[in-house]
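Asker: protein_18.pdb is the file, holding PDB, C-alpha atoms, pLDDT in the B column:
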MODEL        1
ATOM      1  CA  MET A   1       0.509  -2.082 -20.326  1.00 42.00           C
ATOM      2  CA  SER A   2      -2.519  -1.880 -18.051  1.00 41.00           C
ATOM      3  CA  SER A   3      -3.701  -4.468 -15.570  1.00 41.00           C
ATOM      4  CA  LYS A   4      -6.685  -6.727 -15.360  1.00 44.00           C
ATOM      5  CA  ILE A   5      -7.805  -9.235 -12.772  1.00 43.00           C
ATOM      6  CA  ILE A   6      -6.504 -12.610 -13.869  1.00 44.00           C
ATOM      7  CA  SER A   7      -7.769 -14.780 -11.045  1.00 41.00           C
ATOM      8  CA  ASN A   8      -9.865 -14.502  -7.909  1.00 39.00           C
ATOM      9  CA  LYS A   9      -9.175 -18.056  -6.769  1.00 49.00           C
ATOM     10  CA  ASP A  10      -9.601 -18.526  -3.007  1.00 61.00           C
ATOM     11  CA  ASN A  11     -10.151 -14.764  -2.594  1.00 78.00           C
ATOM     12  CA  LEU A  12      -6.706 -14.038  -4.062  1.00 91.00           C
ATOM     13  CA  GLN A  13      -7.087 -11.227  -6.568  1.00 94.00           C
ATOM     14  CA  ILE A  14      -4.254 -11.362  -9.086  1.00 96.00           C
ATOM     15  CA  LEU A  15      -3.640  -8.022 -10.828  1.00 97.00           C
ATOM     16  CA  PHE A  16      -0.601  -8.937 -12.939  1.00 97.00           C
ATOM     17  CA  GLU A  17       1.339 -12.133 -13.500  1.00 96.00           C
ATOM     18  CA  ASP A  18       4.167 -13.361 -15.700  1.00 96.00           C
ATOM     19  CA  ASN A  19       7.244 -15.578 -15.295  1.00 95.00           C
ATOM     20  CA  HIS A  20       9.118 -12.923 -13.309  1.00 97.00           C
ATOM     21  CA  ILE A  21       6.634 -11.047 -11.115  1.00 97.00           C
ATOM     22  CA  ILE A  22       3.177 -11.354  -9.622  1.00 98.00           C
ATOM     23  CA  ALA A  23       1.057  -8.516  -8.213  1.00 98.00           C
ATOM     24  CA  VAL A  24      -1.965  -9.055  -5.980  1.00 97.00           C
ATOM     25  CA  ASN A  25      -4.645  -6.855  -4.457  1.00 97.00           C
ATOM     26  CA  LYS A  26      -4.111  -7.190  -0.713  1.00 97.00           C
ATOM     27  CA  ARG A  27      -7.226  -7.285   1.405  1.00 95.00           C
ATOM     28  CA  VAL A  28      -7.661  -5.449   4.701  1.00 95.00           C
ATOM     29  CA  GLY A  29      -6.256  -7.667   7.464  1.00 92.00           C
ATOM     30  CA  ASP A  30      -3.822  -9.619   5.294  1.00 92.00           C
ATOM     31  CA  ILE A  31      -0.189  -9.606   6.411  1.00 92.00           C
ATOM     32  CA  VAL A  32       2.423  -9.592   3.660  1.00 91.00           C
ATOM     33  CA  GLN A  33       5.052 -11.606   5.565  1.00 82.00           C
ATOM     34  CA  GLY A  34       4.817 -13.895   8.569  1.00 72.00           C
ATOM     35  CA  ASP A  35       4.865 -12.260  12.006  1.00 71.00           C
ATOM     36  CA  LYS A  36       4.366 -13.144  15.661  1.00 71.00           C
ATOM     37  CA  THR A  37       0.589 -13.558  15.167  1.00 72.00           C
ATOM     38  CA  GLY A  38       1.166 -16.808  13.295  1.00 72.00           C
ATOM     39  CA  ASP A  39      -1.492 -15.868  10.741  1.00 82.00           C
ATOM     40  CA  ALA A  40      -0.991 -17.136   7.193  1.00 84.00           C
ATOM     41  CA  PRO A  41       0.878 -14.400   5.304  1.00 90.00           C
ATOM     42  CA  LEU A  42       0.038 -13.290   1.803  1.00 93.00           C
ATOM     43  CA  SER A  43       3.440 -14.491   0.604  1.00 93.00           C
ATOM     44  CA  GLU A  44       2.581 -18.092   1.553  1.00 91.00           C
ATOM     45  CA  ILE A  45      -0.892 -17.856  -0.008  1.00 92.00           C
ATOM     46  CA  VAL A  46       0.657 -16.662  -3.278  1.00 94.00           C
ATOM     47  CA  LYS A  47       3.246 -19.479  -3.144  1.00 93.00           C
ATOM     48  CA  GLN A  48       0.431 -21.992  -2.774  1.00 91.00           C
ATOM     49  CA  TYR A  49      -1.420 -20.432  -5.715  1.00 93.00           C
ATOM     50  CA  ILE A  50       1.707 -20.683  -7.919  1.00 94.00           C
ATOM     51  CA  ALA A  51       2.408 -24.270  -6.824  1.00 92.00           C
ATOM     52  CA  GLU A  52      -1.121 -25.365  -7.696  1.00 91.00           C
ATOM     53  CA  LYS A  53      -1.429 -23.415 -10.957  1.00 92.00           C
ATOM     54  CA  TYR A  54       1.889 -24.587 -12.394  1.00 90.00           C
ATOM     55  CA  ASN A  55       2.014 -28.030 -10.734  1.00 90.00           C
ATOM     56  CA  LYS A  56       5.298 -27.249  -9.010  1.00 86.00           C
ATOM     57  CA  PRO A  57       6.272 -30.239  -6.831  1.00 83.00           C
ATOM     58  CA  GLY A  58       9.124 -28.567  -4.934  1.00 86.00           C
ATOM     59  CA  ALA A  59       9.543 -25.339  -3.006  1.00 89.00           C
ATOM     60  CA  VAL A  60       8.256 -22.232  -4.770  1.00 93.00           C
ATOM     61  CA  PHE A  61      10.511 -19.174  -4.791  1.00 95.00           C
ATOM     62  CA  LEU A  62       8.760 -15.902  -3.998  1.00 96.00           C
ATOM     63  CA  GLY A  63      10.616 -12.729  -3.053  1.00 96.00           C
ATOM     64  CA  VAL A  64       8.956 -10.028  -0.939  1.00 95.00           C
ATOM     65  CA  VAL A  65       9.777  -6.648  -2.485  1.00 95.00           C
ATOM     66  CA  HIS A  66       7.752  -4.274  -0.289  1.00 92.00           C
ATOM     67  CA  ARG A  67       4.999  -4.322   2.319  1.00 91.00           C
ATOM     68  CA  LEU A  68       1.710  -2.685   3.210  1.00 93.00           C
ATOM     69  CA  ASP A  69       0.393  -2.153   6.725  1.00 91.00           C
ATOM     70  CA  ARG A  70      -2.051  -4.828   7.852  1.00 93.00           C
ATOM     71  CA  PRO A  71      -5.101  -2.494   8.015  1.00 96.00           C
ATOM     72  CA  THR A  72      -4.541  -1.160   4.476  1.00 97.00           C
ATOM     73  CA  SER A  73      -5.445  -2.664   1.110  1.00 98.00           C
ATOM     74  CA  GLY A  74      -4.081  -2.517  -2.412  1.00 98.00           C
ATOM     75  CA  ILE A  75      -1.190  -3.492  -4.652  1.00 98.00           C
ATOM     76  CA  VAL A  76       1.569  -5.750  -3.375  1.00 97.00           C
ATOM     77  CA  ILE A  77       4.160  -7.027  -5.841  1.00 97.00           C
ATOM     78  CA  PHE A  78       6.275 -10.158  -5.414  1.00 97.00           C
ATOM     79  CA  ALA A  79       9.249 -11.436  -7.406  1.00 97.00           C
ATOM     80  CA  ARG A  80       9.095 -14.951  -8.867  1.00 97.00           C
ATOM     81  CA  THR A  81      12.832 -15.191  -9.624  1.00 97.00           C
ATOM     82  CA  THR A  82      15.994 -14.113  -7.835  1.00 97.00           C
ATOM     83  CA  LYS A  83      16.944 -11.925 -10.802  1.00 97.00           C
ATOM     84  CA  ALA A  84      13.613 -10.084 -10.626  1.00 97.00           C
ATOM     85  CA  LEU A  85      13.924  -9.715  -6.842  1.00 97.00           C
ATOM     86  CA  THR A  86      17.369  -8.113  -7.043  1.00 97.00           C
ATOM     87  CA  ARG A  87      16.267  -5.685  -9.752  1.00 97.00           C
ATOM     88  CA  LEU A  88      12.940  -4.820  -8.115  1.00 97.00           C
ATOM     89  CA  ASN A  89      14.669  -4.215  -4.781  1.00 96.00           C
ATOM     90  CA  LYS A  90      16.960  -1.765  -6.566  1.00 96.00           C
ATOM     91  CA  LEU A  91      14.022  -0.006  -8.258  1.00 95.00           C
ATOM     92  CA  PHE A  92      12.187   0.406  -4.964  1.00 93.00           C
ATOM     93  CA  SER A  93      15.246   1.446  -2.933  1.00 92.00           C
ATOM     94  CA  GLU A  94      16.169   4.053  -5.550  1.00 92.00           C
ATOM     95  CA  ARG A  95      12.518   5.202  -5.652  1.00 89.00           C
ATOM     96  CA  LYS A  96      12.221   4.611  -9.382  1.00 92.00           C
ATOM     97  CA  THR A  97       8.611   3.545  -9.021  1.00 94.00           C
ATOM     98  CA  GLN A  98       5.486   5.696  -9.007  1.00 93.00           C
ATOM     99  CA  LYS A  99       3.103   4.809  -6.186  1.00 93.00           C
ATOM    100  CA  SER A 100      -0.333   6.378  -5.808  1.00 96.00           C
ATOM    101  CA  TYR A 101      -2.625   5.818  -2.856  1.00 98.00           C
ATOM    102  CA  TRP A 102      -6.253   6.662  -2.189  1.00 98.00           C
ATOM    103  CA  ALA A 103      -7.257   7.764   1.302  1.00 98.00           C
ATOM    104  CA  VAL A 104     -10.718   8.576   2.646  1.00 98.00           C
ATOM    105  CA  VAL A 105     -10.240  11.208   5.330  1.00 98.00           C
ATOM    106  CA  LYS A 106     -12.189  13.128   7.916  1.00 94.00           C
ATOM    107  CA  ASN A 107     -12.309  16.866   7.156  1.00 91.00           C
ATOM    108  CA  SER A 108     -11.241  18.491   3.930  1.00 94.00           C
ATOM    109  CA  PRO A 109      -7.578  19.520   3.883  1.00 96.00           C
ATOM    110  CA  PRO A 110      -6.683  23.230   3.908  1.00 92.00           C
ATOM    111  CA  LYS A 111      -5.834  23.172   0.195  1.00 97.00           C
ATOM    112  CA  LYS A 112      -7.189  21.207  -2.763  1.00 97.00           C
ATOM    113  CA  ALA A 113      -3.640  20.085  -3.557  1.00 98.00           C
ATOM    114  CA  ASP A 114      -0.382  20.491  -1.646  1.00 98.00           C
ATOM    115  CA  THR A 115       3.004  19.034  -0.796  1.00 98.00           C
ATOM    116  CA  LEU A 116       3.419  17.986   2.839  1.00 98.00           C
ATOM    117  CA  THR A 117       6.861  17.887   4.435  1.00 98.00           C
ATOM    118  CA  HIS A 118       7.328  16.604   7.978  1.00 98.00           C
ATOM    119  CA  TYR A 119      10.002  14.977  10.080  1.00 98.00           C
ATOM    120  CA  LEU A 120       8.745  11.634  11.361  1.00 98.00           C
ATOM    121  CA  LYS A 121       9.984  10.144  14.593  1.00 97.00           C
ATOM    122  CA  ARG A 122       9.087   6.511  15.155  1.00 97.00           C
ATOM    123  CA  ASN A 123       8.114   5.101  18.537  1.00 97.00           C
ATOM    124  CA  PRO A 124       8.694   1.332  18.240  1.00 94.00           C
ATOM    125  CA  LYS A 125       6.873   0.508  21.495  1.00 95.00           C
ATOM    126  CA  GLN A 126       3.710   2.198  20.245  1.00 95.00           C
ATOM    127  CA  ASN A 127       4.332   1.174  16.604  1.00 94.00           C
ATOM    128  CA  LYS A 128       3.565   4.778  15.708  1.00 97.00           C
ATOM    129  CA  SER A 129       5.303   7.664  13.947  1.00 98.00           C
ATOM    130  CA  TYR A 130       4.946  11.257  15.101  1.00 98.00           C
ATOM    131  CA  ALA A 131       5.026  14.074  12.540  1.00 98.00           C
ATOM    132  CA  ASN A 132       7.027  17.179  13.412  1.00 98.00           C
ATOM    133  CA  SER A 133       7.177  20.438  11.469  1.00 96.00           C
ATOM    134  CA  ASN A 134      10.890  20.814  12.175  1.00 96.00           C
ATOM    135  CA  GLU A 135      13.722  18.313  12.362  1.00 97.00           C
ATOM    136  CA  VAL A 136      14.076  16.596  15.735  1.00 95.00           C
ATOM    137  CA  PRO A 137      16.649  14.022  16.904  1.00 96.00           C
ATOM    138  CA  ASP A 138      16.290  10.607  15.221  1.00 96.00           C
ATOM    139  CA  SER A 139      13.628  11.879  12.823  1.00 97.00           C
ATOM    140  CA  LYS A 140      13.413  11.198   9.094  1.00 97.00           C
ATOM    141  CA  LYS A 141      12.223  13.625   6.440  1.00 97.00           C
ATOM    142  CA  ALA A 142       8.884  12.635   4.896  1.00 97.00           C
ATOM    143  CA  ILE A 143       7.386  14.182   1.755  1.00 97.00           C
ATOM    144  CA  LEU A 144       4.139  13.483  -0.053  1.00 97.00           C
ATOM    145  CA  ASP A 145       1.879  15.225  -2.567  1.00 98.00           C
ATOM    146  CA  TYR A 146      -1.890  15.051  -2.200  1.00 98.00           C
ATOM    147  CA  GLN A 147      -4.872  16.264  -4.150  1.00 98.00           C
ATOM    148  CA  VAL A 148      -8.593  16.168  -3.454  1.00 98.00           C
ATOM    149  CA  ILE A 149     -10.274  14.012  -6.063  1.00 97.00           C
ATOM    150  CA  LYS A 150     -13.796  13.714  -4.631  1.00 97.00           C
ATOM    151  CA  ASN A 151     -15.921  15.189  -1.846  1.00 96.00           C
ATOM    152  CA  LEU A 152     -18.235  12.630  -0.277  1.00 95.00           C
ATOM    153  CA  ASP A 153     -21.155  13.347   2.073  1.00 91.00           C
ATOM    154  CA  ARG A 154     -19.073  13.144   5.248  1.00 94.00           C
ATOM    155  CA  TYR A 155     -15.569  12.441   4.005  1.00 97.00           C
ATOM    156  CA  THR A 156     -13.026  13.509   1.406  1.00 98.00           C
ATOM    157  CA  LEU A 157     -11.170  11.252  -1.034  1.00 98.00           C
ATOM    158  CA  LEU A 158      -7.511  12.139  -1.537  1.00 98.00           C
ATOM    159  CA  GLU A 159      -4.977  10.806  -4.005  1.00 98.00           C
ATOM    160  CA  ILE A 160      -1.464  10.665  -2.563  1.00 98.00           C
ATOM    161  CA  ASP A 161       1.867  10.352  -4.315  1.00 96.00           C
ATOM    162  CA  LEU A 162       4.674   9.344  -1.986  1.00 92.00           C
ATOM    163  CA  LYS A 163       8.051  10.988  -2.430  1.00 92.00           C
ATOM    164  CA  THR A 164       9.642   9.128   0.495  1.00 91.00           C
ATOM    165  CA  GLY A 165       8.825   5.804   2.128  1.00 89.00           C
ATOM    166  CA  ARG A 166       8.586   6.157   5.899  1.00 94.00           C
ATOM    167  CA  HIS A 167       6.879   4.129   8.606  1.00 95.00           C
ATOM    168  CA  HIS A 168       3.145   5.008   8.647  1.00 97.00           C
ATOM    169  CA  GLN A 169       4.001   8.078   6.594  1.00 97.00           C
ATOM    170  CA  ILE A 170       0.623   8.760   4.971  1.00 98.00           C
ATOM    171  CA  ARG A 171      -1.292   8.027   8.161  1.00 98.00           C
ATOM    172  CA  SER A 172       0.922  10.270  10.284  1.00 98.00           C
ATOM    173  CA  GLN A 173       1.194  13.181   7.847  1.00 98.00           C
ATOM    174  CA  LEU A 174      -2.529  13.350   7.073  1.00 98.00           C
ATOM    175  CA  SER A 175      -3.320  13.219  10.776  1.00 98.00           C
ATOM    176  CA  ALA A 176      -0.896  16.107  11.338  1.00 97.00           C
ATOM    177  CA  ILE A 177      -2.963  18.385   9.062  1.00 97.00           C
ATOM    178  CA  GLY A 178      -6.237  17.426  10.752  1.00 97.00           C
ATOM    179  CA  CYS A 179      -7.304  14.811   8.200  1.00 98.00           C
ATOM    180  CA  PRO A 180      -7.075  11.389   9.872  1.00 98.00           C
ATOM    181  CA  ILE A 181      -7.927   8.416   7.668  1.00 98.00           C
ATOM    182  CA  LYS A 182     -11.330   6.828   8.218  1.00 98.00           C
ATOM    183  CA  GLY A 183     -11.049   4.024  10.775  1.00 98.00           C
ATOM    184  CA  ASP A 184      -7.508   4.920  11.863  1.00 98.00           C
ATOM    185  CA  LEU A 185      -7.861   5.123  15.655  1.00 97.00           C
ATOM    186  CA  LYS A 186      -4.083   5.174  16.113  1.00 97.00           C
ATOM    187  CA  TYR A 187      -3.827   8.445  14.202  1.00 98.00           C
ATOM    188  CA  GLY A 188      -6.856  10.299  15.476  1.00 97.00           C
ATOM    189  CA  PHE A 189     -10.005   9.015  13.797  1.00 97.00           C
ATOM    190  CA  ASN A 190     -12.838   8.771  16.316  1.00 95.00           C
ATOM    191  CA  ARG A 191     -14.013   5.205  15.641  1.00 96.00           C
ATOM    192  CA  SER A 192     -12.787   2.016  14.041  1.00 95.00           C
ATOM    193  CA  ASN A 193     -14.099   0.376  10.888  1.00 96.00           C
ATOM    194  CA  PRO A 194     -16.136  -2.824  11.360  1.00 93.00           C
ATOM    195  CA  ASP A 195     -13.421  -4.908   9.646  1.00 93.00           C
ATOM    196  CA  GLY A 196     -10.617  -3.391  11.723  1.00 93.00           C
ATOM    197  CA  GLY A 197      -9.057  -1.806   8.648  1.00 96.00           C
ATOM    198  CA  ILE A 198      -8.574   1.760   7.528  1.00 98.00           C
ATOM    199  CA  HIS A 199      -9.606   3.500   4.312  1.00 98.00           C
ATOM    200  CA  LEU A 200      -6.111   3.654   2.815  1.00 98.00           C
ATOM    201  CA  HIS A 201      -5.597   1.827  -0.471  1.00 98.00           C
ATOM    202  CA  ALA A 202      -2.481   1.354  -2.594  1.00 98.00           C
ATOM    203  CA  ARG A 203      -4.236   2.269  -5.819  1.00 98.00           C
ATOM    204  CA  LYS A 204      -1.629   2.417  -8.578  1.00 97.00           C
ATOM    205  CA  LEU A 205       1.948   1.295  -9.210  1.00 97.00           C
ATOM    206  CA  VAL A 206       4.000   2.193 -12.289  1.00 96.00           C
ATOM    207  CA  PHE A 207       7.470   0.744 -12.844  1.00 96.00           C
ATOM    208  CA  ILE A 208       9.820  -0.619 -15.482  1.00 96.00           C
ATOM    209  CA  HIS A 209       9.641  -4.407 -15.737  1.00 97.00           C
ATOM    210  CA  PRO A 210      12.848  -5.808 -14.219  1.00 95.00           C
ATOM    211  CA  VAL A 211      13.511  -8.188 -17.131  1.00 95.00           C
ATOM    212  CA  LYS A 212      11.450  -7.070 -20.140  1.00 95.00           C
ATOM    213  CA  LYS A 213      12.289  -3.381 -19.567  1.00 95.00           C
ATOM    214  CA  GLU A 214       8.805  -2.220 -20.552  1.00 96.00           C
ATOM    215  CA  GLU A 215       6.614   0.071 -18.472  1.00 97.00           C
ATOM    216  CA  ILE A 216       4.057  -1.734 -16.326  1.00 97.00           C
ATOM    217  CA  SER A 217       1.072   0.142 -14.891  1.00 98.00           C
ATOM    218  CA  ILE A 218      -1.077  -1.695 -12.348  1.00 98.00           C
ATOM    219  CA  VAL A 219      -4.321  -0.399 -10.844  1.00 98.00           C
ATOM    220  CA  ALA A 220      -6.027  -2.136  -7.911  1.00 98.00           C
ATOM    221  CA  PRO A 221      -9.822  -2.008  -7.536  1.00 97.00           C
ATOM    222  CA  THR A 222     -10.937  -0.650  -4.155  1.00 97.00           C
ATOM    223  CA  PRO A 223     -12.524  -2.942  -1.558  1.00 96.00           C
ATOM    224  CA  LYS A 224     -16.271  -3.432  -1.726  1.00 93.00           C
ATOM    225  CA  ASP A 225     -17.925  -1.265   0.900  1.00 93.00           C
ATOM    226  CA  PRO A 226     -20.346   1.700   0.713  1.00 95.00           C
ATOM    227  CA  ILE A 227     -17.652   4.345   1.248  1.00 96.00           C
ATOM    228  CA  TRP A 228     -15.207   2.966  -1.320  1.00 97.00           C
ATOM    229  CA  ASN A 229     -18.090   2.343  -3.727  1.00 96.00           C
ATOM    230  CA  ALA A 230     -18.999   6.038  -3.503  1.00 96.00           C
ATOM    231  CA  CYS A 231     -15.428   6.941  -4.470  1.00 96.00           C
ATOM    232  CA  ASN A 232     -15.544   5.220  -7.843  1.00 90.00           C
TER     233      ASN A 232
ENDMDL
END
Let's see the structure in the file written out as structure tokens.

Answerer:
Amino acid sequence: MSSKIISNKDNLQILFEDNHIIAVNKRVGDIVQGDKTGDAPLSEIVKQYIAEKYNKPGAVFLGVVHRLDRPTSGIVIFARTTKALTRLNKLFSERKTQKSYWAVVKNSPPKKADTLTHYLKRNPKQNKSYANSNEVPDSKKAILDYQVIKNLDRYTLLEIDLKTGRHHQIRSQLSAIGCPIKGDLKYGFNRSNPDGGIHLHARKLVFIHPVKKEEISIVAPTPKDPIWNACN
């Protein structure tokens, strides 16, 4: 089953929706769950959308299954029932989902396609992960596959398949091979994007529906800007 945009109400782009799950295309700057900033999280916006669409008078249940960094865009999936939440959590924790990301990077990588393996050590004070070639104390193994899918005038578009899910994994690993993501000052790009985001997009998610047991494939359109437009 492939996805289509069901609604764009109040700038909320719904990619997939049924009685059990809802997937949205997160915009740059959106936070998935509430944090110390006090900004309205995506989870609350989706709850409001469900309450209005289905005329739900009471509290709306919505389970957060996974997150994306604030400066990134792309697919975020939520559970609409406790049963779906439990089963989706299991799918994600056991890495039985296929996640593909698009990243616009500075410099072409050394190879057209490769597997990157690093050991990431997180620095909570800096909210940053450092990629090491060899294992170091308190580090976690991080693996991803990438391939070049398009060469732009000044940048390169990569498709990334994550094999592990570590803090800032894609950002840190690409920076480690000299390919920082466009706009990502924290990981070595030379200037920020006007919207404060980075050119990293959760492009595709494939998983088995937690209740219907059929394969679901969701693709998120890229944000509208000249660089992303040139990628399509």

Asker: Quick one: pull the distance between CA of His167 in chain A and CA of Thr117 in chain A, Å, one decimal.

Answerer: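 Computing the Euclidean distance for CA of His167 in chain A and CA of Thr117 in chain A yields 14.4 Å.
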
Asker: For Asn193 in chain A, which residue out of A:Ala51, A:Val28, A:Val219, A:Val60 is the nearest one, using all atoms listed in the file?

Answerer: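 Checking each of A:Ala51, A:Val28, A:Val219, A:Val60 against Asn193 in chain A, counting all atoms listed in the file, the winner is A:Val28.
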
Asker: Expanded to explicit residues, what is the PyMOL selection byres ((chain A and resi 190) around 12) for this file, as JSON, numbers by chain?

Answerer: {"A": [105, 106, 175, 179, 180, 181, 182, 183, 184, 185, 186, 187, 188, 189, 191, 192, 193]}

Asker: Counting only C-alpha atoms, which residues come within 7 Å of (-7.2, 15.1, -4.4), with the point read in the file's coordinates, and could you list them as an MDAnalysis selection string?

Answerer: chainID A and resid 112:113 146:150 157:159

Asker: Rank A:Asn55, A:Asn89, A:Ser108, A:Thr97 by their smallest atom-to-atom distance to Asn151 in chain A, using all atoms listed in the file, and report the top residue only.

Answerer: A:Ser108

Asker: Excluding same-chain residues fewer than 5 positions from Leu12 in chain A, what lies within 9 Å of it counting only C-alpha atoms, as an NGL selection string?

Answerer: :A and (7 or 24-27 or 42 or 45-46 or 49)

Asker: Counting all atoms listed in the file, which residue out of A:Val65, A:His209, A:Arg70, A:Ala23 sits closest to Asp35 in chain A?

Answerer: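 Under the stated criterion, the closest residue is A:Arg70.
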
Asker: By how many Å are CA of Val104 in chain A and CA of His201 in chain A apart?

Answerer: 9.0 Å

Asker: Would you compute an axis-aligned box for range 153-165 of chain A, covering every atom listed for it in the file with 5 Å of margin on each side, and report centre and edge lengths in Å to one decimal as AutoDock Vina command-line options?

Answerer:
--center_x -5.8 --center_y 9.7 --center_z 0.5 --size_x 40.8 --size_y 17.7 --size_z 19.6

Asker: So, with only C-alpha atoms as the atoms that count, which of A:Asn134, A:Gln33, A:Asn107, A:Thr164 lies closest to Phe92 in chain A?

Answerer: A:Thr164

Asker: Between CA of Arg203 in chain A and CA of Ser100 in chain A, what is the spacing in Å?

Answerer: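 CA of Arg203 in chain A lies 5.7 Å from CA of Ser100 in chain A.
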
Asker: So, with all atoms listed in the file as the atoms that count, which of A:His20, A:Arg87, A:Lys128, A:His66 lies closest to Gln173 in chain A?

Answerer: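 Answer, going by the shortest atom-to-atom distance: A:Lys128.
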
Asker: Hey, can you pull every residue with an atom no more than 8 Å from (4.2, 20.0, 10.7), using all atoms listed in the file, and send it as a list in words?

Answerer: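 These residues have at least one counted atom within 8 Å: Thr117, His118, Tyr119, Ala131, Asn132, Ser133, Asn134, Gln173, Ala176 and Ile177 of chain A.
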
Asker: Could you write out that same residue set with C-alpha atoms as a PDB file, in the frame of the given file?

Answerer:
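Final output, saved to part_14.pdb:
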ATOM      1  CA  THR A 117       6.861  17.887   4.435  1.00 98.00           C
ATOM      2  CA  HIS A 118       7.328  16.604   7.978  1.00 98.00           C
ATOM      3  CA  TYR A 119      10.002  14.977  10.080  1.00 98.00           C
ATOM      4  CA  ALA A 131       5.026  14.074  12.540  1.00 98.00           C
ATOM      5  CA  ASN A 132       7.027  17.179  13.412  1.00 98.00           C
ATOM      6  CA  SER A 133       7.177  20.438  11.469  1.00 96.00           C
ATOM      7  CA  ASN A 134      10.890  20.814  12.175  1.00 96.00           C
ATOM      8  CA  GLN A 173       1.194  13.181   7.847  1.00 98.00           C
ATOM      9  CA  ALA A 176      -0.896  16.107  11.338  1.00 97.00           C
ATOM     10  CA  ILE A 177      -2.963  18.385   9.062  1.00 97.00           C
TER      11      ILE A 177
END

Asker: Do you know which residues the PyMOL selection byres ((chain A and resi 21) around 12) returns on this file, as a VMD selection string?

Answerer: chain A and resid 14 to 20 22 to 24 46 50 61 to 65 76 to 88 207 to 212 216

Asker: For Ile227 in chain A, list every protein, DNA or RNA residue within 9 Å, evaluated using only C-alpha atoms, and leave out those in the same chain fewer than 5 positions away; present the list as a list in words.

Answerer: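 Final neighbour list, sorted by chain and number: Val104, Leu152, Tyr155 and His199 of chain A.
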
Asker: I need the residue nearest Gly197 in chain A from this list: A:Asn11, A:Asp145, A:Val136, A:Thr72. Use only C-alpha atoms for the distance.

Answerer: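 Selected residue with least distance to Gly197 in chain A: A:Thr72.
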
Asker: Can you pull out the residues contacting Val206 in chain A? Cut-off 8 Å, using only C-alpha atoms, and skip same-chain residues under 6 positions away; I want them as a count of residues only.

Answerer: 7

Asker: Once the PyMOL selection byres ((chain A and resi 224) around 12) has been applied to the shown file, what residues remain in the selection, as a PyMOL selection string?

Answerer: chain A and resi 27-28+73+195+199+201+221-223+225-232

Asker: Need the shell around Gly34 in chain A: protein/DNA/RNA residues with any atom at most 9 Å away, counting only C-alpha atoms. Skip same-chain ones fewer than 6 positions apart. Format as a PyMOL selection string?

Answerer: chain A and resi 40-44
